[in-house]
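Raw contents of start.tsv, TSV, C-alpha atoms:
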chain	number	residue	atom	x	y	z
L	1	MET	CA	13.85	12.44	14.29
L	2	PHE	CA	10.61	12.48	12.29
L	3	VAL	CA	8.61	11.44	15.36
L	4	VAL	CA	10.11	14.27	17.39
L	5	LEU	CA	9.53	16.82	14.63
L	6	THR	CA	5.90	15.77	14.11
L	7	LEU	CA	4.99	15.34	17.77
L	8	ASP	CA	2.78	18.45	17.70
L	9	LEU	CA	0.98	17.49	14.46
L	10	ASN	CA	-2.51	16.63	15.74
L	11	THR	CA	-6.02	16.51	14.32
L	12	VAL	CA	-8.65	19.17	14.91
L	13	SER	CA	-11.27	16.53	15.70
L	14	ASN	CA	-10.94	13.65	18.15
L	15	TYR	CA	-12.76	11.47	15.58
L	16	ASN	CA	-9.89	11.85	13.10
L	17	VAL	CA	-6.54	10.09	13.31
L	18	ILE	CA	-3.10	10.93	11.94
L	19	VAL	CA	-0.87	7.95	11.23
L	20	LYS	CA	2.81	8.94	11.01
L	21	PHE	CA	5.54	6.74	9.60
L	22	ALA	CA	9.03	7.79	8.49
L	23	ASP	CA	8.49	10.89	6.35
L	24	ASP	CA	4.86	10.04	5.59
L	25	SER	CA	1.62	11.03	7.31
L	26	THR	CA	-1.90	9.81	6.62
L	27	VAL	CA	-5.07	11.40	7.93
L	28	LEU	CA	-8.00	9.07	8.53
L	29	PHE	CA	-11.24	11.02	8.40
L	30	PRO	CA	-14.43	9.07	9.24
L	31	LYS	CA	-17.81	9.98	7.81
L	32	ASN	CA	-19.10	10.95	11.28
L	33	SER	CA	-16.31	13.48	11.97
L	34	ASP	CA	-17.45	16.69	13.66
L	35	VAL	CA	-15.34	18.94	11.38
L	36	LYS	CA	-15.23	19.32	7.63
L	37	VAL	CA	-12.41	17.64	5.75
L	38	GLU	CA	-11.25	21.07	4.48
L	39	ILE	CA	-10.68	22.25	8.06
L	40	GLU	CA	-8.63	19.17	8.91
L	41	PHE	CA	-6.60	19.49	5.70
L	42	ASN	CA	-6.01	23.21	6.33
L	43	ASN	CA	-4.79	22.30	9.82
L	44	VAL	CA	-2.14	19.98	8.33
L	45	GLN	CA	-1.11	22.63	5.78
L	46	GLU	CA	-0.87	25.26	8.49
L	47	TRP	CA	1.24	22.96	10.67
L	48	ALA	CA	3.59	22.29	7.73
L	49	GLY	CA	3.99	26.03	7.10
L	50	ASP	CA	4.62	26.78	10.78
L	51	ASN	CA	7.26	24.04	10.98
L	52	THR	CA	9.08	24.86	7.72
L	53	GLY	CA	7.73	21.66	6.23
L	54	ILE	CA	6.65	21.18	2.67
L	55	LEU	CA	3.36	19.47	1.92
L	56	ASN	CA	3.80	17.81	-1.47
L	57	LEU	CA	0.38	18.38	-3.07
L	58	ILE	CA	1.32	16.25	-6.09
L	59	LYS	CA	1.82	13.21	-3.83
L	60	THR	CA	-1.18	14.08	-1.65
L	61	LYS	CA	-4.21	11.95	-2.54
L	62	GLU	CA	-7.75	11.61	-1.26
L	63	LEU	CA	-9.18	8.10	-1.09
L	64	ILE	CA	-12.77	7.52	-0.02
L	65	PHE	CA	-13.46	4.01	1.26
L	66	TYR	CA	-16.85	2.40	0.82
L	67	ASN	CA	-18.47	-0.93	1.52
L	68	PRO	CA	-18.97	-2.61	-1.87
L	69	LYS	CA	-21.83	-4.72	-0.46
L	70	ALA	CA	-23.78	-1.74	0.86
L	71	ARG	CA	-26.34	0.26	-1.06
L	72	PRO	CA	-24.52	2.91	-3.13
L	73	CYS	CA	-24.26	6.29	-1.46
L	74	HIS	CA	-23.82	9.27	-3.75
L	75	SER	CA	-23.02	11.84	-1.07
L	76	ASN	CA	-19.25	12.09	-1.32
L	77	PRO	CA	-17.70	15.10	0.39
L	78	PRO	CA	-16.68	18.04	-1.79
L	79	VAL	CA	-13.38	17.64	-3.60
L	80	LEU	CA	-10.38	19.23	-1.87
L	81	LEU	CA	-8.81	22.00	-3.94
L	82	ASN	CA	-5.61	20.85	-5.73
L	83	ILE	CA	-5.90	17.32	-4.31
L	84	GLU	CA	-6.49	14.36	-6.61
L	85	ARG	CA	-9.27	11.99	-5.56
L	86	VAL	CA	-8.28	8.42	-6.40
L	87	THR	CA	-9.79	4.95	-6.10
L	88	SER	CA	-6.47	3.33	-5.14
L	89	ALA	CA	-3.16	4.47	-3.68
L	90	LYS	CA	0.16	3.01	-2.62
L	91	LEU	CA	0.75	3.38	1.11
L	92	LEU	CA	3.97	2.04	2.62
L	93	GLY	CA	4.41	-0.36	-0.30
L	94	ILE	CA	0.84	-1.71	-0.24
L	95	TYR	CA	-1.77	-0.77	-2.83
L	96	ILE	CA	-5.03	0.01	-1.08
L	97	GLN	CA	-8.34	0.36	-2.89
L	98	SER	CA	-11.49	2.27	-2.03
L	99	ASN	CA	-13.58	-0.92	-2.14
L	100	PHE	CA	-11.21	-2.84	0.19
L	101	SER	CA	-10.12	-5.14	-2.62
L	102	CYS	CA	-6.50	-6.22	-2.91
L	103	ASP	CA	-6.57	-6.89	-6.67
L	104	ILE	CA	-4.16	-4.10	-7.66
L	105	HIS	CA	-1.66	-5.06	-4.96
L	106	PHE	CA	-1.95	-8.76	-5.74
L	107	ASN	CA	-1.46	-8.25	-9.48
L	108	HIS	CA	1.53	-6.00	-8.80
L	109	ILE	CA	3.34	-8.51	-6.59
L	110	MET	CA	2.58	-11.38	-8.97
L	111	THR	CA	3.95	-9.42	-11.94
L	112	ILE	CA	7.12	-8.50	-10.03
L	113	SER	CA	7.51	-12.08	-8.77
L	114	SER	CA	7.16	-13.54	-12.29
L	115	GLN	CA	9.78	-11.12	-13.61
L	116	ARG	CA	12.11	-12.09	-10.79
L	117	LEU	CA	11.51	-15.77	-11.51
L	118	HIS	CA	12.90	-15.11	-14.99
L	119	ILE	CA	15.99	-13.48	-13.43
L	120	LEU	CA	16.51	-16.63	-11.34
L	121	LYS	CA	16.30	-18.82	-14.45
L	122	VAL	CA	19.05	-16.73	-16.04
L	123	LEU	CA	21.17	-17.07	-12.89
L	124	LYS	CA	20.67	-20.85	-12.98
L	125	ARG	CA	21.82	-20.99	-16.62
L	126	GLN	CA	24.93	-19.06	-15.57
L	127	GLY	CA	25.76	-21.74	-13.01
L	128	LEU	CA	24.51	-20.39	-9.67
L	129	SER	CA	24.24	-23.27	-7.16
L	130	LEU	CA	20.86	-24.58	-6.00
L	131	GLU	CA	21.57	-23.35	-2.47
L	132	MET	CA	22.26	-19.82	-3.73
L	133	LEU	CA	19.23	-19.91	-6.06
L	134	HIS	CA	17.12	-20.92	-3.08
L	135	ASN	CA	18.51	-18.02	-1.01
L	136	VAL	CA	17.96	-15.51	-3.82
L	137	PHE	CA	14.42	-16.87	-4.39
L	138	TYR	CA	13.55	-16.18	-0.76
L	139	ALA	CA	15.24	-12.77	-0.81
L	140	ILE	CA	13.60	-11.39	-3.96
L	141	ILE	CA	10.35	-13.33	-4.35
L	142	VAL	CA	9.16	-14.75	-1.04
L	143	ASN	CA	9.93	-11.48	0.74
L	144	LYS	CA	7.99	-9.55	-1.93
L	145	ILE	CA	4.96	-11.83	-1.54
L	146	THR	CA	4.99	-11.92	2.26
L	147	TYR	CA	5.60	-8.19	2.87
L	148	ALA	CA	2.62	-6.98	4.97
L	149	ILE	CA	0.75	-10.15	4.01
L	150	SER	CA	-1.48	-9.94	7.09
L	151	SER	CA	-2.99	-6.74	5.69
L	152	TRP	CA	-4.10	-8.19	2.34
L	153	TYR	CA	-4.07	-12.00	2.32
L	154	SER	CA	-7.53	-12.41	3.85
L	155	PHE	CA	-9.01	-10.50	0.88
L	156	LEU	CA	-7.75	-13.06	-1.67
L	157	VAL	CA	-10.05	-15.41	-3.52
L	158	LYS	CA	-9.22	-19.06	-4.29
L	159	ALA	CA	-8.02	-18.28	-7.83
L	160	GLN	CA	-5.47	-15.78	-6.50
L	161	ILE	CA	-4.17	-18.25	-3.91
L	162	ALA	CA	-3.86	-20.79	-6.73
L	163	ARG	CA	-1.71	-18.28	-8.69
L	164	ILE	CA	0.68	-17.97	-5.74
L	165	ASN	CA	0.90	-21.77	-5.45
L	166	SER	CA	1.47	-22.01	-9.20
L	167	LEU	CA	4.39	-19.59	-8.96
L	168	PHE	CA	6.03	-21.78	-6.30
L	169	LYS	CA	5.38	-24.93	-8.37
L	170	ARG	CA	7.01	-23.29	-11.41
L	171	ALA	CA	10.03	-22.32	-9.31
L	172	PHE	CA	10.36	-25.93	-8.15
L	173	LYS	CA	9.87	-27.25	-11.71
L	174	TYR	CA	12.62	-24.93	-13.03
L	175	GLY	CA	14.94	-26.25	-10.32
L	176	LEU	CA	15.11	-22.97	-8.42
L	177	LEU	CA	13.98	-24.52	-5.11
L	178	SER	CA	15.07	-27.66	-3.34
Translate this structure into structure tokens?
Amino acid sequence: MFVVLTLDLNTVSNYNVIVKFADDSTVLFPKNSDVKVEIEFNNVQEWAGDNTGILNLIKTKELIFYNPKARPCHSNPPVLLNIERVTSAKLLGIYIQSNFSCDIHFNHIMTISSQRLHILKVLKRQGLSLEMLHNVFYAIIVNKITYAISSWYSFLVKAQIARINSLFKRAFKYGLLS
């Protein structure tokens, strides 16, 4: 239904792209676009008004990506009125950062996974079988770690990969995996 309703939501410039998923839309606006970001944003707001949609300005964020290895460029575009400019944002469950790092996302999934490991230890003490512990481990930890892994895994450093391996070793040591 969302796809049908947003079929006529298009960019002003052919350089820009709108990515639509479920009830979420993201506008990708390259530096070499032939229109100003304000014009593209006004286009989206106008479309929402014409289609009885509501653009949630509190959830709307502006994230400017940059190459951390390049010489610093201090010519950011002007700030959009009523839109918060951020250095990281959560998009479809993945934390993305302006410098293309995955540190925030990685730390988030490792924190959640460690908390869930504790839940599994409690379930083991309450007598849950090894087979069931194994199933729950895959359902609540492995799935959390592997969700959209192809989008962030290549950005990991050796120490982060070692932390993931350590989590699996702890799970085995606690008797949560066969």
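Interatomic distance, CA of Asn14 in chain L to CA of Ser101 in chain L: 28.0 Å.
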Practice problem: Might you pull out every residue within 10 Å of Ile94 in chain L, with only C-alpha atoms counted and same-chain residues fewer than 5 positions away left off, and present them as a list in words? | Solution: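 Here the answer would be Ala89, Cys102, Ile104, His105, Phe106, His108, Ile109, Tyr147, Ala148, Ile149, Ser151 and Trp152 of chain L.
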Quiz item: What separation in Å, quoted to one decimal, exists between CA of Leu133 in chain L and CA of Ser150 in chain L?
Solution: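 That distance, rounded to one decimal, is 26.5 Å.
Straight-line separation from CA of Glu131 in chain L to CA of Leu176 in chain L: 8.8 Å.
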Quiz item: Got a sec: who's within 12 Å of Ser113 in chain L, counting only C-alpha atoms, leaving out chain neighbours fewer than 5 positions off, as a ChimeraX atom specification?
Solution: /L:106-108,118-120,137-146,163-164,166-168,170-171
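For Ile54 in chain L, the residues within 9 Å (counting all atoms listed in the file, excluding itself and residues fewer than 4 positions away along the chain) are Gln45, Ala48 and Gly49 of chain L.
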Those residues you just picked out, can you put them in a file as a CSV table (one decimal), in the frame of the given file with C-alpha atoms?
chain,number,residue,atom,x,y,z
L,45,GLN,CA,-1.1,22.6,5.8
L,48,ALA,CA,3.6,22.3,7.7
L,49,GLY,CA,4.0,26.0,7.1
Exercise. Check the smallest atom-to-atom distance from each of L:Thr52, L:Lys36, L:Pro30, L:Arg125 to Tyr66 in chain L using only C-alpha atoms, then report the winner.
Key: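 Between L:Thr52, L:Lys36, L:Pro30, L:Arg125, the residue approaching Tyr66 in chain L most closely is L:Pro30.
With all atoms listed in the file as the basis for measurement, L:Leu9 is the residue among L:Leu80, L:Leu9, L:Ala70, L:Leu123 that approaches Asp50 in chain L most closely.
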Quiz prompt | L:Leu63, L:Leu57, L:Val79, L:Leu92 ranked by distance to Val19 in chain L, top pick (using all atoms listed in the file) | solution = L:Leu92
Quiz item: Hey, which of L:Ser33, L:Thr60, L:Ser178, L:Asn51 ends up closest to Asp8 in chain L? Count all atoms listed in the file.
Solution: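 Of L:Ser33, L:Thr60, L:Ser178, L:Asn51, the one nearest Asp8 in chain L is L:Asn51, counting all atoms listed in the file.
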Quiz prompt | Selected residue, from L:Val157, L:Val86, L:Ala22, L:Met132, that lies nearest to Phe65 in chain L when counting only C-alpha atoms | solution = L:Val86
Practice problem: Determine the nearest neighbour of His134 in chain L from the options L:Ala159, L:Phe172, L:Ser154, L:Met110, counting only C-alpha atoms. | Solution: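 Among the listed residues, L:Phe172 lies closest to His134 in chain L.
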